[in-house]
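Asker: Below is final.txt; it holds compact mmCIF, C-alpha atoms.
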```
# COMPACT_ATOMS: atom_id res chain seq x y z
CA MET P 1 104.28 -48.52 99.83
CA GLU P 2 105.13 -48.61 96.12
CA SER P 3 104.49 -44.85 95.98
CA GLY P 4 107.11 -44.25 98.64
CA TYR P 5 104.90 -43.89 101.70
CA GLU P 6 106.31 -45.16 104.96
CA ILE P 7 103.36 -46.94 106.53
CA GLU P 8 103.00 -46.47 110.29
CA CYS P 9 100.31 -49.13 110.75
CA ALA P 10 97.13 -50.60 109.33
CA LEU P 11 94.18 -49.18 111.23
CA THR P 12 91.23 -51.57 111.29
CA VAL P 13 87.79 -50.36 112.31
CA LYS P 14 85.65 -53.02 113.98
CA PRO P 15 82.00 -52.18 113.30
CA GLU P 16 79.30 -53.58 115.58
CA GLU P 17 77.55 -55.07 112.55
CA PHE P 18 77.49 -54.70 108.77
CA SER P 19 78.45 -51.14 107.90
CA PRO P 20 78.32 -48.96 104.77
CA MET P 21 81.89 -47.90 105.57
CA TYR P 22 83.80 -50.86 107.02
CA HIS P 23 84.24 -54.56 106.46
CA TYR P 24 82.53 -56.76 108.99
CA PRO P 25 83.13 -60.50 108.45
CA ASN P 26 86.48 -61.68 109.77
CA VAL P 27 87.61 -58.17 110.70
CA GLU P 28 89.39 -59.60 113.75
CA LYS P 29 91.59 -61.56 111.32
CA SER P 30 92.95 -58.41 109.63
CA PRO P 31 96.40 -58.83 111.22
CA LEU P 32 96.90 -61.88 108.98
CA PRO P 33 96.86 -60.12 105.58
CA ALA P 34 98.65 -57.10 107.13
CA SER P 35 101.43 -59.43 108.27
CA LEU P 36 102.04 -60.39 104.64
CA LEU P 37 103.26 -56.80 104.20
CA GLY P 38 104.99 -56.64 107.57
CA LEU P 39 102.42 -54.21 108.96
CA GLU P 40 101.10 -53.98 112.50
CA VAL P 41 97.33 -53.65 112.92
CA LYS P 42 95.63 -51.38 115.42
CA PHE P 43 91.94 -51.90 116.09
CA CYS P 44 89.32 -49.34 117.00
CA GLY P 45 85.55 -48.96 117.04
CA GLU P 46 83.74 -46.67 114.63
CA ASP P 47 83.23 -44.08 117.38
CA GLU P 48 86.96 -44.13 118.26
CA LEU P 49 88.38 -43.70 114.77
CA GLU P 50 88.65 -39.92 114.68
CA SER P 51 90.30 -39.64 118.10
CA ILE P 52 92.86 -42.32 117.20
CA VAL P 53 93.66 -40.68 113.87
CA GLN P 54 93.97 -37.36 115.73
CA VAL P 55 96.67 -38.90 117.95
CA TYR P 56 98.57 -40.12 114.86
CA ALA P 57 98.29 -36.66 113.29
CA ALA P 58 99.63 -35.05 116.48
CA ASN P 59 102.58 -37.47 116.37
CA GLY P 60 103.63 -36.52 112.86
CA VAL P 61 101.63 -38.81 110.59
CA LYS P 62 100.92 -36.82 107.42
CA ALA P 63 98.43 -38.91 105.44
CA MET P 64 95.74 -41.55 105.65
CA ILE P 65 95.47 -44.10 102.85
CA SER P 66 92.21 -45.84 102.02
CA GLY P 67 91.06 -48.24 99.33
CA ALA P 68 87.94 -46.44 98.16
CA ILE P 69 87.29 -47.05 94.47
CA ALA P 70 83.82 -45.69 93.76
CA SER P 71 82.02 -45.04 97.05
CA ASP P 72 81.46 -41.30 97.29
CA TYR P 73 80.14 -41.83 100.82
CA GLN P 74 83.29 -43.61 101.99
CA LYS P 75 85.67 -41.18 100.31
CA THR P 76 83.77 -38.12 101.57
CA MET P 77 83.71 -39.37 105.16
CA ILE P 78 87.44 -40.11 105.17
CA GLU P 79 88.34 -36.83 103.43
CA LYS P 80 86.22 -34.85 105.87
CA MET P 81 88.01 -36.40 108.83
CA CYS P 82 91.43 -35.88 107.23
CA THR P 83 90.68 -32.25 106.40
CA GLU P 84 89.57 -31.56 109.97
CA LEU P 85 92.78 -33.15 111.31
CA GLY P 86 95.15 -31.60 108.78
CA LEU P 87 95.98 -34.88 107.04
CA ILE P 88 96.23 -35.73 103.37
CA SER P 89 93.67 -38.29 102.20
CA VAL P 90 95.33 -40.68 99.74
CA THR P 91 93.05 -42.88 97.63
CA PRO P 92 95.25 -44.60 95.03
CA LEU P 93 92.37 -46.63 93.57
CA TRP P 94 89.85 -43.78 93.38
CA ARG P 95 87.77 -43.82 90.20
CA LYS P 96 90.04 -46.35 88.52
CA ASP P 97 88.28 -48.69 86.15
CA GLN P 98 87.07 -51.50 88.38
CA GLU P 99 87.87 -54.27 85.95
CA LEU P 100 91.38 -52.83 85.69
CA VAL P 101 91.67 -52.92 89.51
CA LEU P 102 90.60 -56.58 89.62
CA ASN P 103 92.88 -57.52 86.72
CA GLU P 104 95.80 -55.78 88.45
CA LEU P 105 95.05 -57.79 91.58
CA THR P 106 95.29 -61.07 89.70
CA ARG P 107 98.26 -59.94 87.56
CA ARG P 108 100.25 -59.19 90.71
CA GLY P 109 99.44 -62.59 92.19
CA ILE P 110 97.37 -61.19 95.07
CA ARG P 111 94.91 -63.84 96.20
CA ALA P 112 91.67 -62.56 97.68
CA MET P 113 88.54 -64.57 98.33
CA LEU P 114 84.95 -63.56 98.89
CA VAL P 115 83.90 -63.70 102.53
CA SER P 116 80.58 -61.88 102.23
CA VAL P 117 77.96 -61.60 99.49
CA SER P 118 74.84 -59.47 99.55
CA ALA P 119 73.72 -58.70 95.99
CA GLU P 120 71.35 -60.32 93.56
CA GLY P 121 73.25 -62.71 91.35
CA LEU P 122 75.70 -63.70 94.09
CA ASP P 123 74.88 -66.65 96.30
CA GLU P 124 76.29 -69.18 98.74
CA ARG P 125 78.46 -70.74 96.01
CA ASP P 126 80.40 -67.47 95.67
CA LEU P 127 81.60 -67.53 99.26
CA GLY P 128 85.19 -68.71 99.43
CA ARG P 129 85.78 -68.11 95.71
CA THR P 130 89.12 -66.56 94.84
CA ILE P 131 89.10 -63.58 92.50
CA ASP P 132 90.92 -64.77 89.41
CA GLU P 133 90.47 -64.19 85.67
CA GLU P 134 87.61 -66.69 85.47
CA TYR P 135 85.81 -65.18 88.43
CA ILE P 136 86.18 -61.65 87.02
CA LEU P 137 84.31 -62.88 83.91
CA HIS P 138 81.62 -64.28 86.23
CA LEU P 139 81.30 -60.90 88.00
CA LYS P 140 81.05 -59.10 84.66
CA GLN P 141 78.23 -61.41 83.57
CA ILE P 142 76.34 -60.74 86.79
CA SER P 143 76.97 -57.02 86.39
CA ARG P 144 75.43 -57.01 82.90
CA LYS P 145 72.27 -58.67 84.26
CA ARG P 146 72.01 -57.16 87.76
CA ARG P 147 74.07 -53.96 87.50
CA ILE P 148 76.36 -54.87 90.41
CA ASN P 149 79.64 -53.14 91.02
CA ILE P 150 82.21 -55.75 89.92
CA ALA P 151 84.74 -54.56 92.52
CA GLY P 152 82.16 -54.94 95.31
CA GLU P 153 82.30 -51.21 96.03
CA GLY P 154 78.56 -51.01 96.66
CA GLY P 155 78.69 -53.67 99.35
CA GLU P 156 77.91 -56.47 96.89
CA TYR P 157 80.74 -58.50 98.38
CA GLU P 158 83.69 -58.26 100.73
CA THR P 159 87.04 -60.01 100.40
CA PHE P 160 89.91 -61.33 102.46
CA VAL P 161 93.48 -61.34 101.09
CA TYR P 162 95.21 -64.59 101.99
CA ALA P 163 98.28 -64.65 99.76
CA ILE P 164 100.76 -62.39 97.99
CA PRO P 165 103.82 -63.31 95.91
CA GLY P 166 106.92 -64.21 97.87
CA LYS P 167 105.07 -65.02 101.10
CA GLN P 168 103.53 -68.23 102.36
CA ALA P 169 99.76 -68.18 101.96
CA ILE P 170 97.72 -67.85 105.13
CA ASP P 171 96.26 -71.16 106.24
CA LEU P 172 92.64 -70.18 106.80
CA GLY P 173 91.85 -73.15 109.01
CA ARG P 174 88.36 -74.51 108.85
CA THR P 175 85.83 -72.15 107.38
CA ARG P 176 82.08 -72.15 107.74
CA ILE P 177 79.33 -70.43 105.83
CA ILE P 178 76.44 -68.60 107.40
CA TRP P 179 73.63 -68.05 104.90
CA GLU P 180 70.68 -65.82 105.75
CA GLY P 181 68.22 -66.11 102.87
CA SER P 182 69.58 -63.64 100.31
CA HIS P 183 73.02 -62.91 101.75
CA GLY P 184 75.70 -64.58 103.78
CA TYR P 185 79.28 -64.72 104.84
CA LEU P 186 82.17 -67.09 105.30
CA ILE P 187 83.81 -67.27 108.72
CA ILE P 188 87.51 -68.04 108.81
CA GLY P 189 88.39 -70.60 111.45
CA ALA P 190 91.19 -70.71 113.99
CA VAL P 191 94.48 -69.84 112.36
CA GLU P 192 97.83 -70.79 113.86
```
Kindly return the structure encoded in the file as structure tokens.
Answerer:
Amino acid sequence: MESGYEIECALTVKPEEFSPMYHYPNVEKSPLPASLLGLEVKFCGEDELESIVQVYAANGVKAMISGAIASDYQKTMIEKMCTELGLISVTPLWRKDQELVLNELTRRGIRAMLVSVSAEGLDERDLGRTIDEEYILHLKQISRKRRINIAGEGGEYETFVYAIPGKQAIDLGRTRIIWEGSHGYLIIGAVE
């Protein structure tokens, strides 16, 4: 939006289970953070994505924007689809320094919390933590010991944005944690 793109919608892919491409926990809640930006969300399954994007391309959409930072797999898959459909693939965060990306998040007042963890060094206590300056230091310490990607780009963690400046924060309702030995996720409750 800051680069001048007129955003048609936020397209959310609902995977059947954890996916190397798409977020899984709380995916059905994606209209909440999108609403902070005034965006409508359209849902689709992984097998429907290309046909839905094809319809957008046929109706004049020119580009697809994704948040890939370091995942060659994710970027390649999206670029391949865009190339086949004649769209521009826009990846504004691609290969940016990950600490810089996290610091920019906090500097702008964007509040995102961890809703999934699945890397050594992260545990149940990390679920529900908001990424702030203190937590970035925590991630850097873990990265030095365990070599994790501090932006979670390798699937180490997933986040949920619940507040941006100038908008009322999303009331997440009651949350619950599901822990499965070495990984887990936080489920956001009913939200009014």
Asker: Just want the 10 Å neighbourhood of P:Ser51, counted on only C-alpha atoms, with same-chain residues fewer than 6 positions away dropped. Output as an MDAnalysis selection string.
Answerer: chainID P and resid 44 57 85
Asker: For stretch 168-184 of chain P, list every protein, DNA or RNA residue within 10 Å, evaluated using all atoms listed in the file, and leave out those in the same chain fewer than 2 positions away; present the list as a PDB file with C-alpha atoms, keeping the file's coordinate frame.
Answerer:
```
ATOM      1  CA  PRO P  25      83.130 -60.500 108.450  1.00  0.00           C
ATOM      2  CA  LYS P  29      91.590 -61.560 111.320  1.00  0.00           C
ATOM      3  CA  LEU P  32      96.900 -61.880 108.980  1.00  0.00           C
ATOM      4  CA  PRO P  33      96.860 -60.120 105.580  1.00  0.00           C
ATOM      5  CA  SER P  35     101.430 -59.430 108.270  1.00  0.00           C
ATOM      6  CA  LEU P  36     102.040 -60.390 104.640  1.00  0.00           C
ATOM      7  CA  ARG P 111      94.910 -63.840  96.200  1.00  0.00           C
ATOM      8  CA  VAL P 115      83.900 -63.700 102.530  1.00  0.00           C
ATOM      9  CA  SER P 116      80.580 -61.880 102.230  1.00  0.00           C
ATOM     10  CA  VAL P 117      77.960 -61.600  99.490  1.00  0.00           C
ATOM     11  CA  SER P 118      74.840 -59.470  99.550  1.00  0.00           C
ATOM     12  CA  ALA P 119      73.720 -58.700  95.990  1.00  0.00           C
ATOM     13  CA  GLU P 120      71.350 -60.320  93.560  1.00  0.00           C
ATOM     14  CA  GLY P 121      73.250 -62.710  91.350  1.00  0.00           C
ATOM     15  CA  LEU P 122      75.700 -63.700  94.090  1.00  0.00           C
ATOM     16  CA  ASP P 123      74.880 -66.650  96.300  1.00  0.00           C
ATOM     17  CA  GLU P 124      76.290 -69.180  98.740  1.00  0.00           C
ATOM     18  CA  ARG P 125      78.460 -70.740  96.010  1.00  0.00           C
ATOM     19  CA  ASP P 126      80.400 -67.470  95.670  1.00  0.00           C
ATOM     20  CA  LEU P 127      81.600 -67.530  99.260  1.00  0.00           C
ATOM     21  CA  GLY P 128      85.190 -68.710  99.430  1.00  0.00           C
ATOM     22  CA  GLU P 156      77.910 -56.470  96.890  1.00  0.00           C
ATOM     23  CA  TYR P 157      80.740 -58.500  98.380  1.00  0.00           C
ATOM     24  CA  VAL P 161      93.480 -61.340 101.090  1.00  0.00           C
ATOM     25  CA  TYR P 162      95.210 -64.590 101.990  1.00  0.00           C
ATOM     26  CA  ALA P 163      98.280 -64.650  99.760  1.00  0.00           C
ATOM     27  CA  ILE P 164     100.760 -62.390  97.990  1.00  0.00           C
ATOM     28  CA  PRO P 165     103.820 -63.310  95.910  1.00  0.00           C
ATOM     29  CA  GLY P 166     106.920 -64.210  97.870  1.00  0.00           C
ATOM     30  CA  LEU P 186      82.170 -67.090 105.300  1.00  0.00           C
ATOM     31  CA  ILE P 187      83.810 -67.270 108.720  1.00  0.00           C
ATOM     32  CA  ILE P 188      87.510 -68.040 108.810  1.00  0.00           C
ATOM     33  CA  GLY P 189      88.390 -70.600 111.450  1.00  0.00           C
ATOM     34  CA  ALA P 190      91.190 -70.710 113.990  1.00  0.00           C
ATOM     35  CA  VAL P 191      94.480 -69.840 112.360  1.00  0.00           C
ATOM     36  CA  GLU P 192      97.830 -70.790 113.860  1.00  0.00           C
TER      37      GLU P 192
END
```
Asker: For P:Gly86, please output as JSON, numbers by chain all residues within 12 Å (counting all atoms listed in the file; exclusion window: fewer than 5 positions along the same chain).
Answerer: {"P": [53, 54, 55, 56, 57, 58, 60, 61, 62, 63, 64, 79, 80, 81]}
Asker: Find, counting all atoms listed in the file, the residue in P:Lys140, P:Lys75, P:Lys14, P:Arg147 that gets nearest to P:Trp94.
Answerer: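 Looking at the shortest contact to P:Trp94, the residue is P:Lys75.
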Asker: What is the distance, in Å and to one decimal place, between atom CA of P:Ser3 and atom CA of P:Tyr22?
Answerer: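 Atom-to-atom, atom CA of P:Ser3 and atom CA of P:Tyr22 are spaced 24.2 Å apart.
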Asker: In Å, rounded to a single decimal, give me how far atom CA of P:Ile110 is from atom CA of P:Tyr73.
Answerer: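 Going from atom CA of P:Tyr73 over to atom CA of P:Ile110 covers 26.5 Å.
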Asker: Distance atom CA of P:Asn59-atom CA of P:Pro92, one decimal place?
Answerer: 23.7 Å
Asker: Closest to P:Leu105 among P:Thr12, P:Lys145, P:Ala151, P:Leu139, using all atoms listed in the file?
Answerer: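 With all atoms listed in the file as the atom set, the closest residue is P:Ala151.
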Asker: So which residues are close to (94.0, -66.6, 89.6), meaning at most 9 Å away in the file's coordinates with all atoms listed in the file counted, and can you show them as number ranges by chain?
Answerer: P: 106-107, 109-111, 130-135
Asker: So that I have them on file, write out the residues from the current selection with C-alpha atoms, as a PDB file, keeping the file's coordinate frame.
Answerer:
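Written output follows (selection_5.pdb):
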```
ATOM      1  CA  THR P 106      95.290 -61.070  89.700  1.00  0.00           C
ATOM      2  CA  ARG P 107      98.260 -59.940  87.560  1.00  0.00           C
ATOM      3  CA  GLY P 109      99.440 -62.590  92.190  1.00  0.00           C
ATOM      4  CA  ILE P 110      97.370 -61.190  95.070  1.00  0.00           C
ATOM      5  CA  ARG P 111      94.910 -63.840  96.200  1.00  0.00           C
ATOM      6  CA  THR P 130      89.120 -66.560  94.840  1.00  0.00           C
ATOM      7  CA  ILE P 131      89.100 -63.580  92.500  1.00  0.00           C
ATOM      8  CA  ASP P 132      90.920 -64.770  89.410  1.00  0.00           C
ATOM      9  CA  GLU P 133      90.470 -64.190  85.670  1.00  0.00           C
ATOM     10  CA  GLU P 134      87.610 -66.690  85.470  1.00  0.00           C
ATOM     11  CA  TYR P 135      85.810 -65.180  88.430  1.00  0.00           C
TER      12      TYR P 135
END
```
Asker: Go through P:Ser66, P:Thr159, P:Thr83, P:Asn26 one by one, measure the shortest atom-to-atom distance of each to P:Met113 using all atoms listed in the file, and give the residue with the smallest value.
Answerer: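 Under the stated criterion, the closest residue is P:Thr159.
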Asker: Which residue out of P:Leu37, P:Met1, P:Met21, P:Val27 has the minimum interatomic distance to P:Thr76 when all atoms listed in the file are used?
Answerer: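 The shortest atom-to-atom distance to P:Thr76 comes from P:Met21.
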